[in-house]
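> So here's upload05.pdb, just PDB, C-alpha atoms and all ligand atoms:
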```pdb
ATOM      1  CA  MET A   1      91.358  61.349-145.336
ATOM      2  CA  ALA A   2      88.471  58.916-145.716
ATOM      3  CA  VAL A   3      88.713  55.340-146.940
ATOM      4  CA  GLN A   4      88.696  55.412-150.760
ATOM      5  CA  LYS A   5      85.962  52.958-151.684
ATOM      6  CA  PRO A   6      87.087  50.928-154.706
ATOM      7  CA  ALA A   7      84.866  51.016-157.831
ATOM      8  CA  LYS A   8      84.854  47.223-157.978
ATOM      9  CA  LEU A   9      84.757  45.472-154.594
ATOM     10  CA  THR A  10      86.991  42.391-154.448
ATOM     11  CA  ILE A  11      89.140  40.937-151.677
ATOM     12  CA  GLN A  12      92.174  42.511-153.303
ATOM     13  CA  THR A  13      90.798  45.995-153.948
ATOM     14  CA  THR A  14      89.219  46.151-150.482
ATOM     15  CA  LEU A  15      92.419  45.045-148.780
ATOM     16  CA  THR A  16      94.416  47.629-150.700
ATOM     17  CA  ALA A  17      91.980  50.428-149.881
ATOM     18  CA  PHE A  18      91.996  49.569-146.169
ATOM     19  CA  SER A  19      95.808  49.135-145.996
ATOM     20  CA  GLU A  20      96.320  52.480-147.693
ATOM     21  CA  TYR A  21      93.925  54.198-145.323
ATOM     22  CA  LEU A  22      95.653  52.753-142.258
ATOM     23  CA  SER A  23      99.116  53.547-143.661
ATOM     24  CA  GLY A  24      98.124  57.206-143.575
ATOM     25  CA  LYS A  25      97.147  56.884-139.900
ATOM     26  CA  ALA A  26     100.417  56.032-138.162
ATOM     27  CA  VAL A  27      99.095  52.726-136.778
ATOM     28  CA  ASP A  28     101.387  49.707-136.472
ATOM     29  CA  SER A  29     101.130  46.978-139.111
ATOM     30  CA  PRO A  30      98.470  48.583-141.350
ATOM     31  CA  ARG A  31      98.404  45.710-143.839
ATOM     32  CA  LEU A  32      98.129  43.047-141.140
ATOM     33  CA  SER A  33      95.303  44.935-139.421
ATOM     34  CA  ALA A  34      93.429  45.204-142.713
ATOM     35  CA  GLU A  35      93.975  41.497-143.365
ATOM     36  CA  LEU A  36      92.686  40.545-139.925
ATOM     37  CA  VAL A  37      89.499  42.551-140.492
ATOM     38  CA  LEU A  38      88.869  40.859-143.843
ATOM     39  CA  ARG A  39      89.535  37.412-142.434
ATOM     40  CA  LYS A  40      87.210  37.942-139.501
ATOM     41  CA  VAL A  41      84.259  39.573-141.297
ATOM     42  CA  LEU A  42      84.430  37.502-144.500
ATOM     43  CA  GLY A  43      85.293  34.317-142.615
ATOM     44  CA  ILE A  44      88.199  33.653-144.951
ATOM     45  CA  SER A  45      91.708  32.313-144.396
ATOM     46  CA  ARG A  46      95.043  33.861-145.090
ATOM     47  CA  LEU A  47      95.342  31.555-148.060
ATOM     48  CA  ASP A  48      92.027  32.832-149.506
ATOM     49  CA  ILE A  49      93.508  36.318-149.509
ATOM     50  CA  LEU A  50      96.358  35.043-151.645
ATOM     51  CA  ILE A  51      94.590  32.699-154.011
ATOM     52  CA  ASN A  52      91.029  34.069-154.170
ATOM     53  CA  SER A  53      91.886  37.733-154.245
ATOM     54  CA  ASP A  54      89.485  38.399-157.148
ATOM     55  CA  ARG A  55      86.500  37.129-155.178
ATOM     56  CA  GLU A  56      83.736  39.733-154.956
ATOM     57  CA  VAL A  57      82.928  41.467-151.681
ATOM     58  CA  SER A  58      79.329  42.608-150.991
ATOM     59  CA  ASN A  59      78.528  46.197-150.183
ATOM     60  CA  GLU A  60      77.170  45.121-146.814
ATOM     61  CA  ALA A  61      80.389  43.316-145.862
ATOM     62  CA  TYR A  62      82.419  46.245-147.115
ATOM     63  CA  TYR A  63      80.709  48.731-144.813
ATOM     64  CA  LYS A  64      80.899  46.368-141.869
ATOM     65  CA  MET A  65      84.648  46.116-142.401
ATOM     66  CA  GLU A  66      85.030  49.823-143.003
ATOM     67  CA  ALA A  67      83.549  50.527-139.564
ATOM     68  CA  LEU A  68      86.242  48.340-137.974
ATOM     69  CA  ILE A  69      88.988  49.898-140.073
ATOM     70  CA  LEU A  70      87.916  53.380-138.958
ATOM     71  CA  ARG A  71      88.242  52.227-135.317
ATOM     72  CA  ARG A  72      91.684  50.807-136.032
ATOM     73  CA  GLY A  73      92.552  54.167-137.629
ATOM     74  CA  THR A  74      92.048  55.860-134.254
ATOM     75  CA  GLY A  75      94.738  53.553-132.794
ATOM     76  CA  GLU A  76      92.380  51.148-131.041
ATOM     77  CA  PRO A  77      94.248  47.821-130.792
ATOM     78  CA  ALA A  78      93.265  45.177-133.338
ATOM     79  CA  ALA A  79      92.595  42.686-130.531
ATOM     80  CA  TYR A  80      89.815  44.892-129.074
ATOM     81  CA  ILE A  81      88.308  45.531-132.485
ATOM     82  CA  MET A  82      88.252  41.815-133.282
ATOM     83  CA  GLY A  83      87.306  41.009-129.693
ATOM     84  CA  GLU A  84      89.921  38.288-129.745
ATOM     85  CA  ARG A  85      93.609  37.516-129.289
ATOM     86  CA  GLU A  86      95.413  34.216-129.524
ATOM     87  CA  PHE A  87      97.334  33.006-126.481
ATOM     88  CA  TYR A  88      99.229  29.718-126.301
ATOM     89  CA  GLY A  89      97.415  28.522-129.420
ATOM     90  CA  ARG A  90      93.888  29.287-128.200
ATOM     91  CA  PRO A  91      91.585  32.209-129.015
ATOM     92  CA  PHE A  92      90.667  34.462-126.050
ATOM     93  CA  TYR A  93      87.868  36.993-125.893
ATOM     94  CA  VAL A  94      89.243  40.372-124.927
ATOM     95  CA  ASN A  95      87.697  43.791-124.383
ATOM     96  CA  SER A  96      88.607  47.130-122.866
ATOM     97  CA  HIS A  97      88.219  45.684-119.330
ATOM     98  CA  THR A  98      91.167  43.340-119.848
ATOM     99  CA  LEU A  99      94.780  43.612-120.745
ATOM    100  CA  ILE A 100      95.506  42.065-124.148
ATOM    101  CA  PRO A 101      97.449  38.838-123.476
ATOM    102  CA  ARG A 102     101.108  39.263-124.418
ATOM    103  CA  PRO A 103     103.334  36.638-126.024
ATOM    104  CA  GLU A 104     105.889  36.951-123.151
ATOM    105  CA  THR A 105     103.306  35.519-120.785
ATOM    106  CA  GLU A 106     103.176  32.283-122.820
ATOM    107  CA  HIS A 107     106.583  31.495-121.414
ATOM    108  CA  LEU A 108     105.128  31.500-117.892
ATOM    109  CA  ILE A 109     102.720  28.792-119.054
ATOM    110  CA  GLU A 110     105.615  26.726-120.406
ATOM    111  CA  ALA A 111     107.416  26.955-117.084
ATOM    112  CA  VAL A 112     104.264  25.757-115.298
ATOM    113  CA  VAL A 113     103.511  22.927-117.738
ATOM    114  CA  GLU A 114     107.096  21.706-117.453
ATOM    115  CA  ARG A 115     106.751  21.385-113.686
ATOM    116  CA  PHE A 116     103.151  20.195-113.299
ATOM    117  CA  ALA A 117     102.420  17.946-116.302
ATOM    118  CA  ASP A 118     103.381  14.786-114.462
ATOM    119  CA  LYS A 119     101.867  15.702-111.104
ATOM    120  CA  GLY A 120      98.668  14.317-109.678
ATOM    121  CA  GLU A 121      95.772  16.641-108.960
ATOM    122  CA  PHE A 122      96.856  20.084-107.847
ATOM    123  CA  LEU A 123      95.332  23.421-106.891
ATOM    124  CA  PHE A 124      96.474  26.733-108.385
ATOM    125  CA  ALA A 125      95.722  30.453-108.114
ATOM    126  CA  ASP A 126      95.958  33.012-110.916
ATOM    127  CA  LEU A 127      96.043  36.439-109.241
ATOM    128  CA  GLY A 128      94.893  39.335-111.425
ATOM    129  CA  THR A 129      93.440  37.047-114.049
ATOM    130  CA  GLY A 130      92.239  39.747-116.495
ATOM    131  CA  SER A 131      91.078  37.902-119.609
ATOM    132  CA  GLY A 132      91.682  34.667-117.725
ATOM    133  CA  CYS A 133      94.386  33.632-120.179
ATOM    134  CA  ILE A 134      96.694  32.174-117.515
ATOM    135  CA  ALA A 135      94.035  30.279-115.531
ATOM    136  CA  THR A 136      92.296  29.011-118.664
ATOM    137  CA  THR A 137      95.492  27.832-120.311
ATOM    138  CA  ILE A 138      96.808  26.088-117.207
ATOM    139  CA  ALA A 139      93.503  24.259-116.774
ATOM    140  CA  ALA A 140      93.243  23.430-120.474
ATOM    141  CA  GLU A 141      96.834  22.176-120.739
ATOM    142  CA  LEU A 142      96.779  20.258-117.476
ATOM    143  CA  PRO A 143      93.654  18.164-116.850
ATOM    144  CA  ASN A 144      94.933  17.457-113.320
ATOM    145  CA  ALA A 145      94.630  21.153-112.407
ATOM    146  CA  SER A 146      91.877  23.007-110.626
ATOM    147  CA  GLY A 147      92.100  26.502-109.281
ATOM    148  CA  VAL A 148      90.894  29.998-108.601
ATOM    149  CA  ALA A 149      91.118  33.086-110.805
ATOM    150  CA  VAL A 150      91.061  36.368-108.898
ATOM    151  CA  ASP A 151      90.417  39.883-110.174
ATOM    152  CA  LEU A 152      89.053  43.067-108.701
ATOM    153  CA  SER A 153      87.441  44.195-111.938
ATOM    154  CA  GLU A 154      83.989  42.809-112.568
ATOM    155  CA  GLY A 155      84.374  43.410-116.303
ATOM    156  CA  ALA A 156      87.601  41.417-116.350
ATOM    157  CA  LEU A 157      86.120  38.601-114.307
ATOM    158  CA  ASN A 158      83.142  38.308-116.654
ATOM    159  CA  THR A 159      85.552  38.037-119.546
ATOM    160  CA  ALA A 160      87.613  35.424-117.724
ATOM    161  CA  LYS A 161      84.452  33.398-117.044
ATOM    162  CA  ARG A 162      83.554  33.513-120.701
ATOM    163  CA  ASN A 163      87.020  32.284-121.694
ATOM    164  CA  LEU A 164      87.047  29.527-119.084
ATOM    165  CA  LYS A 165      83.698  28.320-120.377
ATOM    166  CA  ALA A 166      84.699  28.600-124.045
ATOM    167  CA  HIS A 167      87.641  26.304-123.376
ATOM    168  CA  ASN A 168      85.571  23.886-121.277
ATOM    169  CA  VAL A 169      87.408  24.419-118.012
ATOM    170  CA  GLY A 170      84.849  26.553-116.180
ATOM    171  CA  ASN A 171      84.041  23.595-113.937
ATOM    172  CA  ARG A 172      87.626  23.434-112.634
ATOM    173  CA  VAL A 173      88.305  27.135-112.057
ATOM    174  CA  THR A 174      86.383  29.349-109.636
ATOM    175  CA  CYS A 175      86.371  33.079-110.297
ATOM    176  CA  ILE A 176      86.693  35.311-107.252
ATOM    177  CA  ARG A 177      86.158  39.065-107.254
ATOM    178  CA  ALA A 178      88.656  40.393-104.731
ATOM    179  CA  ASP A 179      91.752  42.483-104.128
ATOM    180  CA  PHE A 180      94.593  39.964-104.297
ATOM    181  CA  THR A 181      96.875  42.116-102.160
ATOM    182  CA  THR A 182      94.696  41.406 -99.096
ATOM    183  CA  PRO A 183      94.796  38.224 -96.947
ATOM    184  CA  LEU A 184      92.360  36.199 -99.050
ATOM    185  CA  PHE A 185      93.335  32.578 -98.511
ATOM    186  CA  LYS A 186      94.318  30.285 -95.685
ATOM    187  CA  ASN A 187      97.941  29.298 -95.192
ATOM    188  CA  ASN A 188      99.073  26.168 -97.095
ATOM    189  CA  THR A 189      96.313  26.305 -99.701
ATOM    190  CA  PHE A 190      97.908  26.160-103.145
ATOM    191  CA  ASP A 191     100.383  23.958-105.015
ATOM    192  CA  LEU A 192     100.930  26.700-107.580
ATOM    193  CA  ILE A 193     100.552  30.467-107.733
ATOM    194  CA  ALA A 194     101.012  31.885-111.236
ATOM    195  CA  THR A 195     100.519  35.602-111.705
ATOM    196  CA  ASN A 196     101.083  38.436-114.118
ATOM    197  CA  PRO A 197     100.305  41.394-111.860
ATOM    198  CA  PRO A 198     100.451  45.050-112.878
ATOM    199  CA  TYR A 199     104.182  45.899-112.788
ATOM    200  CA  VAL A 200     104.731  49.077-114.822
ATOM    201  CA  SER A 201     106.089  52.137-112.965
ATOM    202  CA  GLN A 202     104.474  55.567-113.353
ATOM    203  CA  SER A 203     107.492  56.854-115.233
ATOM    204  CA  GLU A 204     107.515  53.880-117.625
ATOM    205  CA  TYR A 205     103.774  54.157-118.159
ATOM    206  CA  ILE A 206     103.911  57.623-119.666
ATOM    207  CA  LYS A 207     106.469  56.369-122.177
ATOM    208  CA  LEU A 208     104.407  53.363-123.301
ATOM    209  CA  ASP A 209     102.926  53.181-126.766
ATOM    210  CA  PRO A 210     100.022  55.679-126.960
ATOM    211  CA  GLU A 211      97.756  52.805-128.096
ATOM    212  CA  VAL A 212      98.421  51.049-124.790
ATOM    213  CA  GLN A 213      97.895  54.183-122.703
ATOM    214  CA  GLN A 214      94.755  55.231-124.488
ATOM    215  CA  PHE A 215      92.995  51.878-124.762
ATOM    216  CA  GLU A 216      94.256  49.286-122.257
ATOM    217  CA  PRO A 217      93.137  49.521-118.612
ATOM    218  CA  ALA A 218      95.775  51.384-116.587
ATOM    219  CA  SER A 219      94.750  49.395-113.509
ATOM    220  CA  ALA A 220      95.994  46.216-115.227
ATOM    221  CA  LEU A 221      99.397  47.772-115.840
ATOM    222  CA  VAL A 222     100.295  50.183-113.040
ATOM    223  CA  PRO A 223     100.233  49.086-109.388
ATOM    224  CA  GLY A 224     101.453  52.320-107.778
ATOM    225  CA  THR A 225     104.499  54.495-108.302
ATOM    226  CA  SER A 226     107.529  52.224-108.473
ATOM    227  CA  GLY A 227     105.962  49.297-110.340
ATOM    228  CA  LEU A 228     107.184  46.898-107.640
ATOM    229  CA  GLU A 229     104.304  47.332-105.187
ATOM    230  CA  HIS A 230     102.252  44.270-106.138
ATOM    231  CA  GLY A 231     105.268  42.059-106.842
ATOM    232  CA  VAL A 232     106.715  42.676-103.382
ATOM    233  CA  ARG A 233     103.368  42.082-101.713
ATOM    234  CA  LEU A 234     102.692  38.901-103.695
ATOM    235  CA  ILE A 235     105.993  37.313-102.698
ATOM    236  CA  GLU A 236     105.002  37.933 -99.088
ATOM    237  CA  LEU A 237     101.468  36.572 -99.511
ATOM    238  CA  ALA A 238     102.556  33.583-101.599
ATOM    239  CA  SER A 239     104.899  32.482 -98.836
ATOM    240  CA  ASN A 240     101.768  31.983 -96.706
ATOM    241  CA  TRP A 241      99.313  30.716 -99.290
ATOM    242  CA  LEU A 242     101.577  28.044-100.816
ATOM    243  CA  LYS A 243     101.819  24.533 -99.458
ATOM    244  CA  PRO A 244     105.324  23.267 -98.639
ATOM    245  CA  SER A 245     107.107  22.630-101.993
ATOM    246  CA  GLY A 246     104.475  24.709-103.777
ATOM    247  CA  PHE A 247     105.669  26.751-106.756
ATOM    248  CA  PHE A 248     105.372  30.507-107.265
ATOM    249  CA  ILE A 249     105.930  32.187-110.598
ATOM    250  CA  MET A 250     105.327  35.851-111.370
ATOM    251  CA  GLU A 251     105.851  37.992-114.443
ATOM    252  CA  MET A 252     107.792  41.230-113.873
ATOM    253  CA  GLY A 253     109.498  44.150-115.617
ATOM    254  CA  PHE A 254     112.923  43.370-117.107
ATOM    255  CA  TRP A 255     114.700  45.550-114.522
ATOM    256  CA  GLN A 256     112.907  44.246-111.439
ATOM    257  CA  GLY A 257     114.773  40.944-110.936
ATOM    258  CA  ALA A 258     117.298  42.155-108.356
ATOM    259  CA  ASP A 259     114.680  43.979-106.256
ATOM    260  CA  LEU A 260     112.313  41.019-106.236
ATOM    261  CA  MET A 261     115.058  38.470-105.509
ATOM    262  CA  LYS A 262     115.790  40.520-102.386
ATOM    263  CA  GLU A 263     112.226  39.924-101.230
ATOM    264  CA  PHE A 264     112.753  36.155-101.345
ATOM    265  CA  GLN A 265     116.038  36.563 -99.496
ATOM    266  CA  LYS A 266     114.455  38.680 -96.757
ATOM    267  CA  ASN A 267     112.347  35.671 -95.895
ATOM    268  CA  ALA A 268     114.991  33.084 -96.793
ATOM    269  CA  SER A 269     113.694  30.290 -94.565
ATOM    270  CA  ALA A 270     110.336  30.326 -96.401
ATOM    271  CA  TRP A 271     111.803  29.800 -99.881
ATOM    272  CA  ARG A 272     114.182  27.609-101.824
ATOM    273  CA  ASP A 273     115.536  27.792-105.373
ATOM    274  CA  SER A 274     114.263  31.291-106.049
ATOM    275  CA  ALA A 275     115.416  32.374-109.494
ATOM    276  CA  ILE A 276     114.924  34.717-112.415
ATOM    277  CA  ILE A 277     113.655  33.322-115.723
ATOM    278  CA  LYS A 278     114.178  35.154-119.024
ATOM    279  CA  ASP A 279     111.580  35.559-121.753
ATOM    280  CA  LEU A 280     112.169  34.418-125.320
ATOM    281  CA  SER A 281     113.697  37.798-126.214
ATOM    282  CA  GLY A 282     116.338  37.242-123.530
ATOM    283  CA  HIS A 283     114.963  39.784-121.029
ATOM    284  CA  ASP A 284     114.583  38.946-117.344
ATOM    285  CA  ARG A 285     110.806  38.491-117.199
ATOM    286  CA  PHE A 286     109.758  36.186-114.341
ATOM    287  CA  VAL A 287     110.756  35.399-110.786
ATOM    288  CA  CYS A 288     109.975  32.052-109.302
ATOM    289  CA  GLY A 289     110.645  29.984-106.208
ATOM    290  CA  TYR A 290     109.529  26.950-104.228
ATOM    291  CA  LYS A 291     108.009  27.212-100.793
ATOM    292  CA  ALA A 292     110.395  25.544 -98.364
TER
HETATM  293  N1  LIG A 301      96.628  37.595-116.340
HETATM  294  C1  LIG A 301      96.295  38.449-117.446
HETATM  295  C2  LIG A 301      97.379  38.389-118.501
HETATM  296  O1  LIG A 301      98.405  37.826-118.290
HETATM  297  C3  LIG A 301      96.086  39.874-116.995
HETATM  298  C4  LIG A 301      97.306  40.496-116.409
HETATM  299  C5  LIG A 301      97.065  41.911-115.963
HETATM  300  O2  LIG A 301      95.988  42.467-116.202
HETATM  301  N2  LIG A 301      98.062  42.476-115.324
HETATM  302  O3  LIG A 301      97.223  38.884-119.588
END
```
Could you take the file, read its structure, and then write that structure out as structure tokens?
Ligand code: GLN


Amino acid sequence: MAVQKPAKLTIQTTLTAFSEYLSGKAVDSPRLSAELVLRKVLGISRLDILINSDREVSNEAYYKMEALILRRGTGEPAAYIMGEREFYGRPFYVNSHTLIPRPETEHLIEAVVERFADKGEFLFADLGTGSGCIATTIAAELPNASGVAVDLSEGALNTAKRNLKAHNVGNRVTCIRADFTTPLFKNNTFDLIATNPPYVSQSEYIKLDPEVQQFEPASALVPGTSGLEHGVRLIELASNWLKPSGFFIMEMGFWQGADLMKEFQKNASAWRDSAIIKDLSGHDRFVCGYKA
């Protein structure tokens, strides 16, 4: 089925045609996707869609939007099509080199802001920065922060640089292309390590939404077989890289809390107050701890 081009092109008729097309294509939220495309290409607000729905749409704009709708119809995530996703109230460029920032991860930012807002200058690391959403947001929320953003993927790092610059914090965050599971930094370097590493197991991966499997980079999601590989390694490395009293926080899979807490306990003299933090849906989602 092709998109049925309306006889008269208005905001309303275009939106309806696009929503109907996407509804026939088993994609999530067809109406919302269609709305996002109209808002982006026509430069209109949500309110315009409601109150100016009779406004005419040019043929040129229609075909531009249709091209995006056809991509969405193949299951490509709306964030990649728009080239943008909001995270902690700020727009982030995203593309197929980067994971799309997830709302769960915003809670990691809250936990950091809570602990560092009143501190003096401090140095942080974001390991596996992807789009740079964690490093950018920490630097933008906390003017006393400077740090490093590490990723192995050049495409991701270029995207992170663009986001850091767009939010005027490029001067406080250095991007480093490296494998963060190797000994990269000196002991006692950072006040904060905040990371959302790949943590999906092979067996979970094959059950993920086909849109995720087909379009998002597997390397940003899957670290090995069990899903715990990077998490375990990062707890070990963080115990070296953090300064005394430095804070470590890492996103994880909802079932990984017990396994990761064991890693802190194995090296009990290096850590204090290690704990699990839940996300807003009530799932175990982060582990954290202070360097002793
Ligand atoms: N730090 C980025 C994010 O939170 C990328 C994470 C990743 O690719 N595993 O979205």

> In Å, how far is it from atom C1 of ligand LIG 301 (chain A) to CA of Ile81 in chain A?

18.4 Å

> How many Å lie between CA of Ala111 in chain A and CA of Val232 in chain A, rounded to one decimal?

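Interatomic distance here is 20.9 Å.
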
> For the provided coordinates, the residues matched by the PyMOL selection byres (((not hetatm)) within 6 of (chain A and resi 301)) should be stated as a list of chain:residue names.

A:Leu99, A:Ile100, A:Pro101, A:Thr105, A:Gly128, A:Thr129, A:Gly130, A:Ser131, A:Gly132, A:Cys133, A:Ile134, A:Asn196, A:Pro197, A:Pro198, A:Ala220, A:Leu221

> Can you pull out the residues contacting Asn95 in chain A? Cut-off 12 Å, using all atoms listed in the file, and skip same-chain residues under 3 positions away; I want them as a PyMOL selection string.

chain A and resi 76-85+92+98-101+130-132+155-160+162-163+215-217

> Suppose a student applies the PyMOL selection byres (((chain A and resi 206-211) around 10) and not hetatm) to this structure; what residues should they get, written as a PyMOL selection string?

chain A and resi 27-28+74-77+200-205+212-216

> Just how far from CA of Glu263 in chain A is CA of Ala275 in chain A, in Å to one decimal?

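One can read the CA of Ala275 in chain A to CA of Glu263 in chain A distance as 11.6 Å.
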
> Restricting the calculation to all atoms listed in the file, which member of A:Lys25, A:Lys278, A:Lys243, A:Arg285 is positioned closest to Gly73 in chain A?

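Comparing A:Lys25, A:Lys278, A:Lys243, A:Arg285 against Gly73 in chain A, the winner is A:Lys25.
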
> Might you spell out which residues the PyMOL selection byres (((chain A and resi 127) around 10) and not hetatm) would select in the displayed file, as an MDAnalysis selection string?

chainID A and resid 124:126 128:130 132 134:135 148:152 176 178:181 193:197 234 250

> Using the selection just defined, write its residues with C-alpha atoms as a compact mmCIF listing (two decimals), in the frame of the given file.


```
# COMPACT_ATOMS: atom_id res chain seq x y z
CA PHE A 124 96.47 26.73 -108.38
CA ALA A 125 95.72 30.45 -108.11
CA ASP A 126 95.96 33.01 -110.92
CA GLY A 128 94.89 39.34 -111.42
CA THR A 129 93.44 37.05 -114.05
CA GLY A 130 92.24 39.75 -116.50
CA GLY A 132 91.68 34.67 -117.72
CA ILE A 134 96.69 32.17 -117.52
CA ALA A 135 94.04 30.28 -115.53
CA VAL A 148 90.89 30.00 -108.60
CA ALA A 149 91.12 33.09 -110.80
CA VAL A 150 91.06 36.37 -108.90
CA ASP A 151 90.42 39.88 -110.17
CA LEU A 152 89.05 43.07 -108.70
CA ILE A 176 86.69 35.31 -107.25
CA ALA A 178 88.66 40.39 -104.73
CA ASP A 179 91.75 42.48 -104.13
CA PHE A 180 94.59 39.96 -104.30
CA THR A 181 96.88 42.12 -102.16
CA ILE A 193 100.55 30.47 -107.73
CA ALA A 194 101.01 31.88 -111.24
CA THR A 195 100.52 35.60 -111.70
CA ASN A 196 101.08 38.44 -114.12
CA PRO A 197 100.30 41.39 -111.86
CA LEU A 234 102.69 38.90 -103.70
CA MET A 250 105.33 35.85 -111.37
```

> Could you give me, as a PyMOL selection string, the residues within 12 Å of Phe190 in chain A, counting only C-alpha atoms and dropping anything in the same chain fewer than 6 positions from it?

chain A and resi 121-126+145-148+237-248+290-291

> My list of candidates is A:Ile49, A:Ala26, A:Leu42, A:Leu68. Which is closest to Gln12 in chain A when distances are computed with all atoms listed in the file?

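Nearest to Gln12 in chain A: A:Ile49.
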
> List the neighbours of range 58-65 of chain A out to 7 Å using only C-alpha atoms; skip same-chain residues closer than 3 positions along the sequence, and give me the result as JSON, numbers by chain.

{"A": [37, 38, 41, 68, 69]}

> So, counting all atoms listed in the file, which residue among A:Asp279, A:Glu229, A:Asp48, A:Asp191 is closest to Asp259 in chain A?

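Closest candidate: A:Glu229.
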
> Quick one: residues within 12 Å of Lys262 in chain A, only C-alpha atoms, excluding same-chain residues fewer than 5 positions away - as a PyMOL selection string?

chain A and resi 228+231-232+235-236+256-257+267-268+271+274-276+287

> Using the file's own x, y and z axes, what box holds all listed atoms of range 175-189 of chain A with 4 Å on each side, keeping edges along x, y and z, and what are its centre and edge lengths in Å to one decimal, as lines of an AutoDock Vina configuration file?


```
center_x = 92.6
center_y = 34.3
center_z = -102.7
size_x = 20.9
size_y = 24.3
size_z = 23.1
```

> Report as a ChimeraX atom specification all protein, DNA and RNA residues lying within 10 Å of Leu70 in chain A, evaluated on all atoms listed in the file, omitting residues in the same chain fewer than 6 positions from it.

/A:2-3,18,21-22,25,76

> Using all atoms listed in the file, which of the listed residues (A:Phe264, A:Glu154, A:Pro6, A:Thr189) sits closest to Arg177 in chain A?

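Between A:Phe264, A:Glu154, A:Pro6, A:Thr189, the residue approaching Arg177 in chain A most closely is A:Glu154.
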
> Quick one: of A:Ala292, A:Met252, A:Leu280, A:Ala140, who's nearest to Pro103 in chain A, counting all atoms listed in the file?

A:Leu280
